[in-house]
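A.B. asks: Hey, dropping final-v1.txt in here, compact mmCIF, C-alpha atoms:
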# COMPACT_ATOMS: atom_id res chain seq x y z
CA MET A 1 92.19 138.82 12.27
CA ASN A 2 88.81 137.91 13.68
CA ILE A 3 86.52 140.79 12.83
CA LEU A 4 83.11 141.29 14.42
CA ILE A 5 80.68 143.64 12.67
CA ILE A 6 77.82 144.95 14.81
CA TYR A 7 75.18 146.27 12.43
CA SER A 8 71.97 148.02 13.41
CA HIS A 9 69.53 149.35 10.82
CA PRO A 10 65.84 148.48 10.35
CA ASN A 11 65.93 148.54 6.54
CA PRO A 12 67.80 145.79 4.61
CA ASN A 13 67.80 148.08 1.54
CA SER A 14 69.43 150.98 3.37
CA PHE A 15 72.76 152.63 2.57
CA ASN A 16 73.93 151.31 5.94
CA HIS A 17 73.40 147.81 4.54
CA ALA A 18 75.53 148.69 1.51
CA ILE A 19 78.25 149.83 3.94
CA LEU A 20 77.93 146.52 5.77
CA GLU A 21 78.35 144.56 2.52
CA THR A 22 81.35 146.68 1.47
CA ALA A 23 83.05 146.25 4.84
CA LYS A 24 82.43 142.49 4.88
CA GLU A 25 83.76 141.97 1.34
CA THR A 26 86.80 144.18 1.94
CA PHE A 27 87.77 142.25 5.07
CA GLN A 28 87.08 138.83 3.51
CA LYS A 29 89.27 139.67 0.48
CA GLN A 30 92.13 140.23 2.91
CA GLY A 31 91.59 136.78 4.38
CA HIS A 32 90.11 137.92 7.67
CA THR A 33 87.33 135.96 9.38
CA VAL A 34 84.21 138.14 9.54
CA ILE A 35 81.18 137.62 11.76
CA VAL A 36 78.16 139.92 11.36
CA ARG A 37 75.65 140.49 14.14
CA ASP A 38 72.62 142.11 12.51
CA LEU A 39 70.69 143.29 15.58
CA TYR A 40 67.37 143.94 13.82
CA ALA A 41 67.49 140.64 11.89
CA MET A 42 68.28 138.84 15.19
CA GLU A 43 65.43 140.69 16.93
CA PHE A 44 67.85 141.47 19.74
CA ASP A 45 66.07 142.55 22.95
CA PRO A 46 67.56 145.98 23.80
CA VAL A 47 65.85 146.54 27.16
CA LEU A 48 68.06 146.14 30.23
CA LYS A 49 65.69 144.58 32.74
CA PRO A 50 65.64 143.88 36.49
CA ALA A 51 66.46 140.24 35.63
CA ASP A 52 69.71 141.39 33.98
CA PHE A 53 70.76 143.24 37.14
CA GLU A 54 69.93 140.23 39.32
CA LEU A 55 72.08 137.96 37.14
CA ILE A 56 74.99 140.45 37.08
CA GLN A 57 74.96 140.55 40.90
CA GLN A 58 75.41 136.76 40.81
CA GLY A 59 78.27 137.13 38.31
CA LYS A 60 76.10 135.77 35.50
CA VAL A 61 74.43 137.04 32.33
CA SER A 62 71.45 135.78 30.33
CA GLN A 63 72.05 133.41 27.41
CA ASP A 64 71.47 136.01 24.67
CA VAL A 65 73.98 138.37 26.31
CA LYS A 66 76.47 135.52 26.83
CA THR A 67 76.32 134.67 23.11
CA GLU A 68 77.17 138.27 22.18
CA GLN A 69 79.94 138.49 24.78
CA GLU A 70 81.57 135.38 23.31
CA PHE A 71 81.60 136.98 19.86
CA ILE A 72 83.30 140.04 21.38
CA SER A 73 85.80 137.94 23.34
CA ASN A 74 86.79 136.08 20.16
CA SER A 75 87.28 139.25 18.09
CA ASP A 76 90.36 141.38 17.46
CA LEU A 77 88.55 144.24 15.74
CA ILE A 78 84.93 145.34 16.19
CA VAL A 79 83.26 147.43 13.49
CA MET A 80 80.09 149.29 14.46
CA ILE A 81 77.85 150.28 11.51
CA TYR A 82 74.72 152.31 12.28
CA PRO A 83 72.89 155.57 11.58
CA ILE A 84 73.00 158.55 13.95
CA TRP A 85 69.49 159.27 15.27
CA TRP A 86 69.19 162.22 17.65
CA ALA A 87 72.96 162.75 17.94
CA THR A 88 73.69 159.17 18.98
CA MET A 89 72.91 155.52 18.23
CA GLY A 90 69.33 154.25 18.05
CA ALA A 91 67.70 152.30 20.88
CA MET A 92 68.44 148.87 19.38
CA LEU A 93 72.22 149.37 19.45
CA LYS A 94 72.11 151.36 22.71
CA GLY A 95 70.41 148.38 24.33
CA TYR A 96 73.10 146.07 22.95
CA ILE A 97 75.67 148.27 24.74
CA ASP A 98 73.51 148.53 27.91
CA ARG A 99 73.13 144.73 28.14
CA VAL A 100 76.24 143.18 26.52
CA PHE A 101 78.92 145.59 27.82
CA SER A 102 78.13 144.45 31.34
CA HIS A 103 79.98 144.99 34.61
CA GLY A 104 82.44 142.14 35.03
CA PHE A 105 82.75 141.62 31.27
CA ALA A 106 83.53 145.01 29.70
CA TYR A 107 84.76 146.82 32.84
CA ARG A 108 85.08 146.42 36.59
CA TYR A 109 85.58 148.67 39.58
CA THR A 110 88.91 148.57 41.44
CA GLN A 111 90.31 150.61 44.34
CA ASN A 112 91.77 152.93 41.68
CA GLY A 113 88.42 153.47 39.95
CA PRO A 114 86.88 151.80 36.89
CA GLU A 115 89.08 149.53 34.79
CA GLY A 116 88.40 148.45 31.20
CA LEU A 117 88.46 144.72 30.47
CA LEU A 118 88.47 144.84 26.65
CA ASN A 119 92.03 146.15 26.35
CA SER A 120 93.11 143.98 23.44
CA LYS A 121 90.23 145.07 21.18
CA LYS A 122 90.23 147.73 18.48
CA VAL A 123 87.08 149.44 17.21
CA ILE A 124 86.02 151.25 14.03
CA ILE A 125 82.72 153.19 14.01
CA ILE A 126 80.95 154.05 10.75
CA ASN A 127 77.92 156.35 11.02
CA THR A 128 75.49 157.81 8.52
CA MET A 129 73.74 161.08 9.40
CA GLY A 130 70.94 163.19 7.99
CA THR A 131 72.70 166.40 9.07
CA PRO A 132 75.65 167.60 6.94
CA ASN A 133 79.07 167.21 8.61
CA THR A 134 79.72 170.97 8.36
CA SER A 135 76.55 171.81 10.35
CA TYR A 136 77.44 169.39 13.10
CA GLU A 137 81.12 170.39 13.09
CA SER A 138 80.36 174.09 13.50
CA MET A 139 78.25 173.47 16.61
CA GLY A 140 80.78 171.06 18.16
CA MET A 141 78.40 168.13 17.76
CA LEU A 142 80.87 165.78 16.02
CA ASP A 143 83.32 166.25 18.90
CA ALA A 144 80.53 165.78 21.46
CA MET A 145 79.32 162.61 19.72
CA ALA A 146 82.86 161.24 19.56
CA LEU A 147 83.36 162.02 23.27
CA THR A 148 80.08 160.49 24.47
CA THR A 149 80.45 157.39 22.29
CA ASP A 150 84.15 156.72 21.76
CA THR A 151 85.39 157.87 25.17
CA GLY A 152 82.17 157.23 27.10
CA ILE A 153 81.82 153.64 25.91
CA TYR A 154 84.80 152.09 24.10
CA LYS A 155 87.77 153.83 25.75
CA PHE A 156 86.06 153.33 29.13
CA CYS A 157 86.33 149.59 28.39
CA GLY A 158 90.00 149.96 27.41
CA MET A 159 89.42 149.59 23.67
CA GLU A 160 91.47 151.42 21.03
CA ILE A 161 89.54 153.63 18.56
CA LYS A 162 91.01 152.99 15.10
CA ASN A 163 88.60 155.28 13.27
CA HIS A 164 85.23 157.00 13.62
CA ILE A 165 83.74 157.89 10.25
CA PHE A 166 80.78 160.30 10.10
CA LEU A 167 79.04 160.31 6.70
CA GLY A 168 76.71 163.34 6.71
CA ALA A 169 73.78 164.43 4.53
CA ILE A 170 73.15 160.83 3.40
CA PRO A 171 69.39 161.05 2.71
CA ALA A 172 70.05 163.86 0.17
CA SER A 173 73.11 162.18 -1.39
CA THR A 174 73.31 161.10 -5.05
CA PRO A 175 74.10 157.52 -6.19
CA GLU A 176 77.54 158.82 -7.27
CA GLN A 177 78.23 160.28 -3.81
CA ARG A 178 77.16 157.02 -2.17
CA ALA A 179 79.39 155.00 -4.50
CA ALA A 180 82.29 157.31 -3.60
CA HIS A 181 81.59 156.80 0.12
CA LEU A 182 81.66 153.01 -0.35
CA GLN A 183 84.90 153.25 -2.35
CA ASN A 184 86.47 155.35 0.42
CA ILE A 185 85.35 152.88 3.08
CA SER A 186 86.78 149.98 1.07
CA THR A 187 90.12 151.81 0.72
CA LEU A 188 90.17 152.76 4.39
CA LEU A 189 89.45 149.23 5.60
CA GLY A 190 91.65 147.57 2.97
CA MET B 1 50.45 173.99 34.16
CA ASN B 2 50.11 170.56 32.62
CA ILE B 3 53.28 168.72 33.51
CA LEU B 4 54.35 165.48 31.84
CA ILE B 5 56.98 163.38 33.60
CA ILE B 6 58.76 160.82 31.42
CA TYR B 7 60.41 158.35 33.77
CA SER B 8 62.66 155.46 32.75
CA HIS B 9 64.28 153.17 35.31
CA PRO B 10 63.95 149.38 35.64
CA ASN B 11 63.89 149.35 39.46
CA PRO B 12 60.83 150.72 41.35
CA ASN B 13 63.02 150.96 44.49
CA SER B 14 65.70 153.08 42.80
CA PHE B 15 66.79 156.57 43.76
CA ASN B 16 65.40 157.64 40.38
CA HIS B 17 61.98 156.55 41.65
CA ALA B 18 62.45 158.70 44.76
CA ILE B 19 63.23 161.63 42.45
CA LEU B 20 60.04 160.88 40.50
CA GLU B 21 57.96 160.90 43.71
CA THR B 22 59.57 164.13 44.91
CA ALA B 23 58.97 165.86 41.56
CA LYS B 24 55.36 164.66 41.39
CA GLU B 25 54.55 165.78 44.94
CA THR B 26 56.28 169.14 44.50
CA PHE B 27 54.31 169.92 41.35
CA GLN B 28 51.00 168.68 42.77
CA LYS B 29 51.42 170.85 45.89
CA GLN B 30 51.59 173.85 43.56
CA GLY B 31 48.31 172.83 41.96
CA HIS B 32 49.75 171.65 38.67
CA THR B 33 48.30 168.67 36.81
CA VAL B 34 50.93 165.94 36.64
CA ILE B 35 50.93 162.92 34.33
CA VAL B 36 53.65 160.29 34.73
CA ARG B 37 54.67 157.99 31.89
CA ASP B 38 56.70 155.18 33.48
CA LEU B 39 58.23 153.57 30.39
CA TYR B 40 59.34 150.31 32.08
CA ALA B 41 56.02 149.88 33.89
CA MET B 42 54.19 150.48 30.57
CA GLU B 43 56.52 148.01 28.81
CA PHE B 44 56.99 150.61 26.09
CA ASP B 45 58.42 149.13 22.87
CA PRO B 46 61.60 151.14 22.17
CA VAL B 47 62.51 149.64 18.79
CA LEU B 48 61.86 151.88 15.77
CA LYS B 49 60.75 149.38 13.13
CA PRO B 50 60.20 149.36 9.37
CA ALA B 51 56.44 149.58 10.13
CA ASP B 52 57.02 152.93 11.92
CA PHE B 53 58.78 154.34 8.84
CA GLU B 54 56.00 153.14 6.54
CA LEU B 55 53.36 154.85 8.71
CA ILE B 56 55.37 158.10 8.93
CA GLN B 57 55.59 158.20 5.13
CA GLN B 58 51.76 158.06 5.10
CA GLY B 59 51.64 160.86 7.69
CA LYS B 60 50.54 158.42 10.40
CA VAL B 61 51.96 156.85 13.56
CA SER B 62 51.12 153.65 15.43
CA GLN B 63 48.60 153.80 18.29
CA ASP B 64 51.18 153.51 21.10
CA VAL B 65 53.18 156.40 19.61
CA LYS B 66 50.00 158.45 19.07
CA THR B 67 49.08 158.05 22.75
CA GLU B 68 52.48 159.42 23.83
CA GLN B 69 52.34 162.26 21.32
CA GLU B 70 48.97 163.35 22.72
CA PHE B 71 50.46 163.50 26.23
CA ILE B 72 53.27 165.70 24.86
CA SER B 73 50.85 167.92 22.90
CA ASN B 74 48.78 168.51 26.04
CA SER B 75 51.78 169.40 28.23
CA ASP B 76 53.41 172.75 29.01
CA LEU B 77 56.45 171.35 30.77
CA ILE B 78 58.10 167.95 30.25
CA VAL B 79 60.35 166.53 32.97
CA MET B 80 62.70 163.70 31.98
CA ILE B 81 63.95 161.55 34.88
CA TYR B 82 66.43 158.79 34.10
CA PRO B 83 69.92 157.46 34.85
CA ILE B 84 72.91 158.07 32.59
CA TRP B 85 74.20 154.79 31.18
CA TRP B 86 77.23 155.01 28.89
CA ALA B 87 77.18 158.81 28.73
CA THR B 88 73.57 159.03 27.60
CA MET B 89 70.06 157.68 28.22
CA GLY B 90 69.35 153.94 28.23
CA ALA B 91 67.75 152.13 25.30
CA MET B 92 64.21 152.32 26.71
CA LEU B 93 64.13 156.12 26.76
CA LYS B 94 66.19 156.41 23.57
CA GLY B 95 63.55 154.34 21.82
CA TYR B 96 60.83 156.61 23.19
CA ILE B 97 62.66 159.53 21.53
CA ASP B 98 63.33 157.54 18.33
CA ARG B 99 59.65 156.60 17.96
CA VAL B 100 57.60 159.37 19.62
CA PHE B 101 59.60 162.44 18.47
CA SER B 102 58.69 161.59 14.89
CA HIS B 103 59.02 163.59 11.70
CA GLY B 104 55.85 165.62 11.26
CA PHE B 105 55.19 165.72 15.01
CA ALA B 106 58.38 166.96 16.71
CA TYR B 107 60.07 168.55 13.66
CA ARG B 108 59.73 168.93 9.92
CA TYR B 109 61.95 169.87 7.03
CA THR B 110 61.40 173.17 5.24
CA GLN B 111 63.27 174.96 2.47
CA ASN B 112 65.26 176.67 5.23
CA GLY B 113 66.25 173.39 6.87
CA PRO B 114 64.77 171.53 9.84
CA GLU B 115 62.13 173.28 11.94
CA GLY B 116 61.06 172.34 15.46
CA LEU B 117 57.35 171.81 16.07
CA LEU B 118 57.36 171.71 19.89
CA ASN B 119 58.12 175.41 20.33
CA SER B 120 55.72 176.05 23.20
CA LYS B 121 57.17 173.30 25.41
CA LYS B 122 59.72 173.62 28.21
CA VAL B 123 61.87 170.73 29.43
CA ILE B 124 63.72 169.85 32.63
CA ILE B 125 66.13 166.89 32.62
CA ILE B 126 67.17 165.16 35.87
CA ASN B 127 69.91 162.52 35.58
CA THR B 128 71.65 160.26 38.04
CA MET B 129 75.16 159.05 37.21
CA GLY B 130 77.65 156.57 38.61
CA THR B 131 80.57 158.83 37.70
CA PRO B 132 81.25 161.85 39.96
CA ASN B 133 80.40 165.22 38.37
CA THR B 134 84.00 166.44 38.76
CA SER B 135 85.37 163.50 36.72
CA TYR B 136 82.92 164.09 33.90
CA GLU B 137 83.34 167.89 34.06
CA SER B 138 87.12 167.71 33.75
CA MET B 139 86.92 165.64 30.57
CA GLY B 140 84.20 167.81 29.01
CA MET B 141 81.66 165.01 29.24
CA LEU B 142 78.92 167.04 30.97
CA ASP B 143 79.08 169.62 28.17
CA ALA B 144 79.12 166.87 25.53
CA MET B 145 76.12 165.14 27.13
CA ALA B 146 74.22 168.44 27.34
CA LEU B 147 75.02 169.16 23.68
CA THR B 148 74.05 165.73 22.33
CA THR B 149 70.86 165.54 24.41
CA ASP B 150 69.62 169.09 25.04
CA THR B 151 70.66 170.60 21.70
CA GLY B 152 70.59 167.39 19.67
CA ILE B 153 67.05 166.46 20.72
CA TYR B 154 65.02 169.11 22.57
CA LYS B 155 66.33 172.36 21.05
CA PHE B 156 66.19 170.70 17.63
CA CYS B 157 62.42 170.38 18.25
CA GLY B 158 62.20 174.02 19.34
CA MET B 159 61.83 173.27 23.05
CA GLU B 160 63.26 175.48 25.79
CA ILE B 161 65.66 173.84 28.28
CA LYS B 162 64.70 175.07 31.76
CA ASN B 163 67.28 172.99 33.60
CA HIS B 164 69.52 169.93 33.20
CA ILE B 165 70.52 168.48 36.55
CA PHE B 166 73.35 165.92 36.70
CA LEU B 167 73.54 164.09 40.05
CA GLY B 168 76.88 162.24 40.06
CA ALA B 169 78.34 159.45 42.20
CA ILE B 170 74.86 158.23 43.19
CA PRO B 171 75.64 154.51 43.78
CA ALA B 172 78.23 155.51 46.42
CA SER B 173 76.07 158.24 48.03
CA THR B 174 74.85 158.15 51.64
CA PRO B 175 71.18 158.36 52.69
CA GLU B 176 71.90 161.91 53.90
CA GLN B 177 73.34 162.92 50.52
CA ARG B 178 70.33 161.43 48.74
CA ALA B 179 67.93 163.25 51.07
CA ALA B 180 69.80 166.49 50.34
CA HIS B 181 69.50 165.85 46.58
CA LEU B 182 65.73 165.34 46.93
CA GLN B 183 65.42 168.50 49.02
CA ASN B 184 67.34 170.46 46.36
CA ILE B 185 65.13 169.07 43.60
CA SER B 186 62.00 169.97 45.55
CA THR B 187 63.29 173.54 46.06
CA LEU B 188 64.31 173.85 42.43
CA LEU B 189 60.97 172.65 41.08
CA GLY B 190 58.92 174.48 43.76
In structure tokens, what does this structure look like?
C.D. replies:
Amino acid sequence: MNILIIYSHPNPNSFNHAILETAKETFQKQGHTVIVRDLYAMEFDPVLKPADFELIQQGKVSQDVKTEQEFISNSDLIVMIYPIWWATMGAMLKGYIDRVFSHGFAYRYTQNGPEGLLNSKKVIIINTMGTPNTSYESMGMLDAMALTTDTGIYKFCGMEIKNHIFLGAIPASTPEQRAAHLQNISTLLG
Amino acid sequence: MNILIIYSHPNPNSFNHAILETAKETFQKQGHTVIVRDLYAMEFDPVLKPADFELIQQGKVSQDVKTEQEFISNSDLIVMIYPIWWATMGAMLKGYIDRVFSHGFAYRYTQNGPEGLLNSKKVIIINTMGTPNTSYESMGMLDAMALTTDTGIYKFCGMEIKNHIFLGAIPASTPEQRAAHLQNISTLLG
């Protein structure tokens, strides 16, 4: 399989980065081809601008968006690794979605309504959170986050959600708990 | 009242801009003081960076964030005007939340858990959407969007939600429908 990892975290020493390394190694051990797009390291521009809209109306996209779309087109499985900030992804990754998942590439409008164009792709989402899972579960927030992200973005584009992992209470977690999370991720992806 | 309008749309000719003008005029007619922060026009930097985290750990924020926090501190009511992209706000506004609603300003952690620090503030959210309200209602998306945004951000900071208006099917709307939306907004805010 061709696996594309979209990774967005400002700190290269973060637990998210450890998740990235674990995912990459697990996939590579299985013989898969892995490409990592590290949005902060790339200094990706997350702001959808008037110029983007003008290009889309001409059926075009800017070069930086085109590069990312080619990575998506060439992938079988996309793995999104990022922290939850304010009950969703941070601006860097949101801007990647806003700009790269463009009309004409990720979806189009037909007489029967919107139609996803990424039907052959599968997606796995791995999130860290400050809030414990139980707190978010009891208020329906995990379901709401899954609906707004998984259904609102990926399923809209026709993609299949393989898994959405929410790892809560990470800032307060012990090294042993973090090691156990990484072991679980390795098993799950293996 | 001191009213702060946070506006985020890339196109100055958009229907969102007409909503901004209507809201501003309605409030000014009532004698309120209105300040508009137009995030695209300001070229606000939405990317939360390692430097932001380092400053927060020292109890500080960068100058651009400090400016925005002072506008929030001086306001009684905050009105957010923006389009829904992918079931939530676009990257520009998300980055405003990520950076400006910082730890120590918008919330803090106590022995009893997180505590909001913007308790005296009220908020009104006005969103345009491509999807019709009925489509999003039937799949639970309006509730999920209200939960992730209103509860996940504003209530978390102790703010009171006065109203969250979702205006669906805007790209396909007629001039008469848009005029009716603006009239309703004017009445609602008047």
A.B. asks: Lay chain A over chain B using all C-alpha atoms, matched one to one in order, with a least-squares fit; then write it out as a tab-separated table (two decimals) with C-alpha atoms, keeping the file's coordinate frame.
C.D. replies:
chain	number	residue	atom	x	y	z
A	1	MET	CA	50.45	174.00	34.17
A	2	ASN	CA	50.11	170.57	32.63
A	3	ILE	CA	53.28	168.72	33.51
A	4	LEU	CA	54.34	165.48	31.84
A	5	ILE	CA	56.98	163.38	33.59
A	6	ILE	CA	58.77	160.82	31.42
A	7	TYR	CA	60.41	158.33	33.76
A	8	SER	CA	62.66	155.46	32.75
A	9	HIS	CA	64.27	153.17	35.31
A	10	PRO	CA	63.96	149.37	35.65
A	11	ASN	CA	63.90	149.34	39.46
A	12	PRO	CA	60.85	150.71	41.35
A	13	ASN	CA	63.02	150.96	44.49
A	14	SER	CA	65.69	153.07	42.80
A	15	PHE	CA	66.79	156.58	43.75
A	16	ASN	CA	65.40	157.65	40.37
A	17	HIS	CA	61.99	156.55	41.64
A	18	ALA	CA	62.45	158.68	44.76
A	19	ILE	CA	63.22	161.62	42.45
A	20	LEU	CA	60.05	160.87	40.50
A	21	GLU	CA	57.96	160.88	43.70
A	22	THR	CA	59.57	164.13	44.90
A	23	ALA	CA	58.98	165.85	41.57
A	24	LYS	CA	55.36	164.67	41.39
A	25	GLU	CA	54.55	165.79	44.95
A	26	THR	CA	56.28	169.15	44.51
A	27	PHE	CA	54.31	169.92	41.34
A	28	GLN	CA	51.00	168.66	42.77
A	29	LYS	CA	51.41	170.86	45.89
A	30	GLN	CA	51.59	173.85	43.56
A	31	GLY	CA	48.31	172.84	41.96
A	32	HIS	CA	49.75	171.66	38.67
A	33	THR	CA	48.29	168.67	36.82
A	34	VAL	CA	50.92	165.92	36.64
A	35	ILE	CA	50.93	162.93	34.32
A	36	VAL	CA	53.65	160.28	34.71
A	37	ARG	CA	54.68	157.98	31.88
A	38	ASP	CA	56.69	155.18	33.47
A	39	LEU	CA	58.24	153.55	30.39
A	40	TYR	CA	59.34	150.31	32.08
A	41	ALA	CA	56.01	149.86	33.90
A	42	MET	CA	54.20	150.48	30.57
A	43	GLU	CA	56.51	148.00	28.81
A	44	PHE	CA	56.99	150.61	26.09
A	45	ASP	CA	58.42	149.12	22.87
A	46	PRO	CA	61.60	151.14	22.18
A	47	VAL	CA	62.51	149.64	18.79
A	48	LEU	CA	61.86	151.87	15.77
A	49	LYS	CA	60.75	149.37	13.15
A	50	PRO	CA	60.17	149.34	9.37
A	51	ALA	CA	56.43	149.57	10.14
A	52	ASP	CA	57.02	152.90	11.92
A	53	PHE	CA	58.78	154.32	8.85
A	54	GLU	CA	55.99	153.12	6.55
A	55	LEU	CA	53.36	154.83	8.72
A	56	ILE	CA	55.37	158.08	8.94
A	57	GLN	CA	55.58	158.19	5.13
A	58	GLN	CA	51.77	158.06	5.11
A	59	GLY	CA	51.63	160.86	7.70
A	60	LYS	CA	50.54	158.41	10.40
A	61	VAL	CA	51.96	156.85	13.56
A	62	SER	CA	51.11	153.65	15.43
A	63	GLN	CA	48.60	153.79	18.29
A	64	ASP	CA	51.18	153.52	21.09
A	65	VAL	CA	53.17	156.41	19.60
A	66	LYS	CA	49.99	158.45	19.06
A	67	THR	CA	49.07	158.05	22.75
A	68	GLU	CA	52.47	159.41	23.82
A	69	GLN	CA	52.34	162.26	21.31
A	70	GLU	CA	48.98	163.35	22.72
A	71	PHE	CA	50.46	163.51	26.22
A	72	ILE	CA	53.27	165.71	24.85
A	73	SER	CA	50.86	167.92	22.89
A	74	ASN	CA	48.79	168.51	26.04
A	75	SER	CA	51.79	169.41	28.22
A	76	ASP	CA	53.40	172.75	29.01
A	77	LEU	CA	56.46	171.34	30.77
A	78	ILE	CA	58.11	167.95	30.25
A	79	VAL	CA	60.35	166.53	32.97
A	80	MET	CA	62.70	163.71	31.97
A	81	ILE	CA	63.94	161.55	34.89
A	82	TYR	CA	66.44	158.79	34.09
A	83	PRO	CA	69.92	157.45	34.85
A	84	ILE	CA	72.92	158.09	32.58
A	85	TRP	CA	74.20	154.78	31.18
A	86	TRP	CA	77.23	155.01	28.89
A	87	ALA	CA	77.18	158.82	28.73
A	88	THR	CA	73.56	159.03	27.59
A	89	MET	CA	70.06	157.69	28.20
A	90	GLY	CA	69.34	153.95	28.24
A	91	ALA	CA	67.74	152.14	25.30
A	92	MET	CA	64.20	152.30	26.71
A	93	LEU	CA	64.12	156.11	26.76
A	94	LYS	CA	66.19	156.41	23.57
A	95	GLY	CA	63.55	154.33	21.81
A	96	TYR	CA	60.82	156.60	23.19
A	97	ILE	CA	62.65	159.53	21.54
A	98	ASP	CA	63.33	157.54	18.32
A	99	ARG	CA	59.64	156.59	17.96
A	100	VAL	CA	57.59	159.38	19.62
A	101	PHE	CA	59.60	162.43	18.47
A	102	SER	CA	58.69	161.60	14.89
A	103	HIS	CA	59.03	163.61	11.70
A	104	GLY	CA	55.85	165.63	11.26
A	105	PHE	CA	55.18	165.73	15.00
A	106	ALA	CA	58.37	166.96	16.71
A	107	TYR	CA	60.06	168.56	13.66
A	108	ARG	CA	59.72	168.94	9.91
A	109	TYR	CA	61.95	169.87	7.01
A	110	THR	CA	61.39	173.21	5.25
A	111	GLN	CA	63.27	174.99	2.45
A	112	ASN	CA	65.27	176.70	5.23
A	113	GLY	CA	66.27	173.42	6.88
A	114	PRO	CA	64.77	171.54	9.84
A	115	GLU	CA	62.13	173.30	11.92
A	116	GLY	CA	61.07	172.34	15.46
A	117	LEU	CA	57.35	171.81	16.07
A	118	LEU	CA	57.36	171.72	19.89
A	119	ASN	CA	58.11	175.42	20.33
A	120	SER	CA	55.72	176.06	23.20
A	121	LYS	CA	57.17	173.31	25.41
A	122	LYS	CA	59.72	173.62	28.19
A	123	VAL	CA	61.86	170.73	29.43
A	124	ILE	CA	63.72	169.85	32.63
A	125	ILE	CA	66.14	166.88	32.62
A	126	ILE	CA	67.17	165.16	35.86
A	127	ASN	CA	69.91	162.52	35.58
A	128	THR	CA	71.66	160.26	38.05
A	129	MET	CA	75.18	159.06	37.23
A	130	GLY	CA	77.65	156.56	38.63
A	131	THR	CA	80.58	158.82	37.70
A	132	PRO	CA	81.26	161.85	39.95
A	133	ASN	CA	80.40	165.23	38.37
A	134	THR	CA	84.01	166.43	38.76
A	135	SER	CA	85.38	163.49	36.71
A	136	TYR	CA	82.93	164.09	33.91
A	137	GLU	CA	83.35	167.88	34.05
A	138	SER	CA	87.13	167.70	33.74
A	139	MET	CA	86.93	165.63	30.56
A	140	GLY	CA	84.21	167.81	29.00
A	141	MET	CA	81.66	165.01	29.24
A	142	LEU	CA	78.92	167.03	30.97
A	143	ASP	CA	79.09	169.62	28.18
A	144	ALA	CA	79.12	166.88	25.53
A	145	MET	CA	76.12	165.14	27.13
A	146	ALA	CA	74.23	168.43	27.34
A	147	LEU	CA	75.02	169.16	23.68
A	148	THR	CA	74.05	165.73	22.33
A	149	THR	CA	70.87	165.55	24.42
A	150	ASP	CA	69.62	169.09	25.04
A	151	THR	CA	70.67	170.60	21.70
A	152	GLY	CA	70.58	167.39	19.66
A	153	ILE	CA	67.05	166.46	20.72
A	154	TYR	CA	65.02	169.11	22.57
A	155	LYS	CA	66.33	172.36	21.06
A	156	PHE	CA	66.19	170.70	17.62
A	157	CYS	CA	62.43	170.38	18.24
A	158	GLY	CA	62.21	174.03	19.34
A	159	MET	CA	61.83	173.28	23.05
A	160	GLU	CA	63.25	175.49	25.80
A	161	ILE	CA	65.66	173.84	28.29
A	162	LYS	CA	64.71	175.08	31.76
A	163	ASN	CA	67.29	172.98	33.60
A	164	HIS	CA	69.51	169.93	33.21
A	165	ILE	CA	70.52	168.48	36.56
A	166	PHE	CA	73.35	165.92	36.70
A	167	LEU	CA	73.53	164.09	40.05
A	168	GLY	CA	76.88	162.24	40.07
A	169	ALA	CA	78.35	159.44	42.20
A	170	ILE	CA	74.85	158.24	43.20
A	171	PRO	CA	75.63	154.53	43.79
A	172	ALA	CA	78.23	155.53	46.43
A	173	SER	CA	76.06	158.24	48.03
A	174	THR	CA	74.86	158.16	51.65
A	175	PRO	CA	71.17	158.36	52.70
A	176	GLU	CA	71.90	161.92	53.92
A	177	GLN	CA	73.34	162.93	50.53
A	178	ARG	CA	70.32	161.44	48.75
A	179	ALA	CA	67.92	163.26	51.08
A	180	ALA	CA	69.79	166.50	50.34
A	181	HIS	CA	69.49	165.85	46.58
A	182	LEU	CA	65.73	165.33	46.93
A	183	GLN	CA	65.41	168.50	49.03
A	184	ASN	CA	67.33	170.47	46.38
A	185	ILE	CA	65.13	169.07	43.61
A	186	SER	CA	61.99	169.98	45.56
A	187	THR	CA	63.28	173.54	46.07
A	188	LEU	CA	64.31	173.86	42.43
A	189	LEU	CA	60.97	172.65	41.09
A	190	GLY	CA	58.92	174.49	43.72
A.B. asks: For Gly59 of chain B, list every protein, DNA or RNA residue within 10 Å, evaluated using all atoms listed in the file, and leave out those in the same chain fewer than 4 positions away; present the list as a ChimeraX atom specification.
C.D. replies: /B:53-55,103-105
A.B. asks: Return the single residue from B:Phe101, B:Phe156, B:Tyr107, B:Tyr82 that is closest to Tyr7 of chain B, with distances computed using all atoms listed in the file.
C.D. replies: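 The shortest atom-to-atom distance to Tyr7 of chain B comes from B:Tyr82.
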A.B. asks: May I ask which of the residues A:Ala87, A:Ile3, A:Ala179, A:Ile78 is the closest one to chain B, counting all atoms listed in the file?
C.D. replies: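 When distances to chain B are compared using all atoms listed in the file, the smallest one comes from A:Ala87.
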A.B. asks: Excluding Asp64 of chain B and any residue of its chain fewer than 2 positions from it, enumerate the residues within 12 Å of it, using only C-alpha atoms, and give them as a ChimeraX atom specification.
C.D. replies: /B:39,42-46,52,60-62,66-71,96,99-100
A.B. asks: Please report the interatomic distance between atom CA of Tyr40 of chain A and atom CA of Leu142 of chain A in Å with one decimal.
C.D. replies: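 Calculated distance between atom CA of Tyr40 of chain A and atom CA of Leu142 of chain A is 25.8 Å.
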A.B. asks: Please list as a ChimeraX atom specification every residue within 8 Å of Lys122 of chain A, counting all atoms listed in the file and excluding residues in the same chain fewer than 3 positions away.
C.D. replies: /A:76-78,159-162
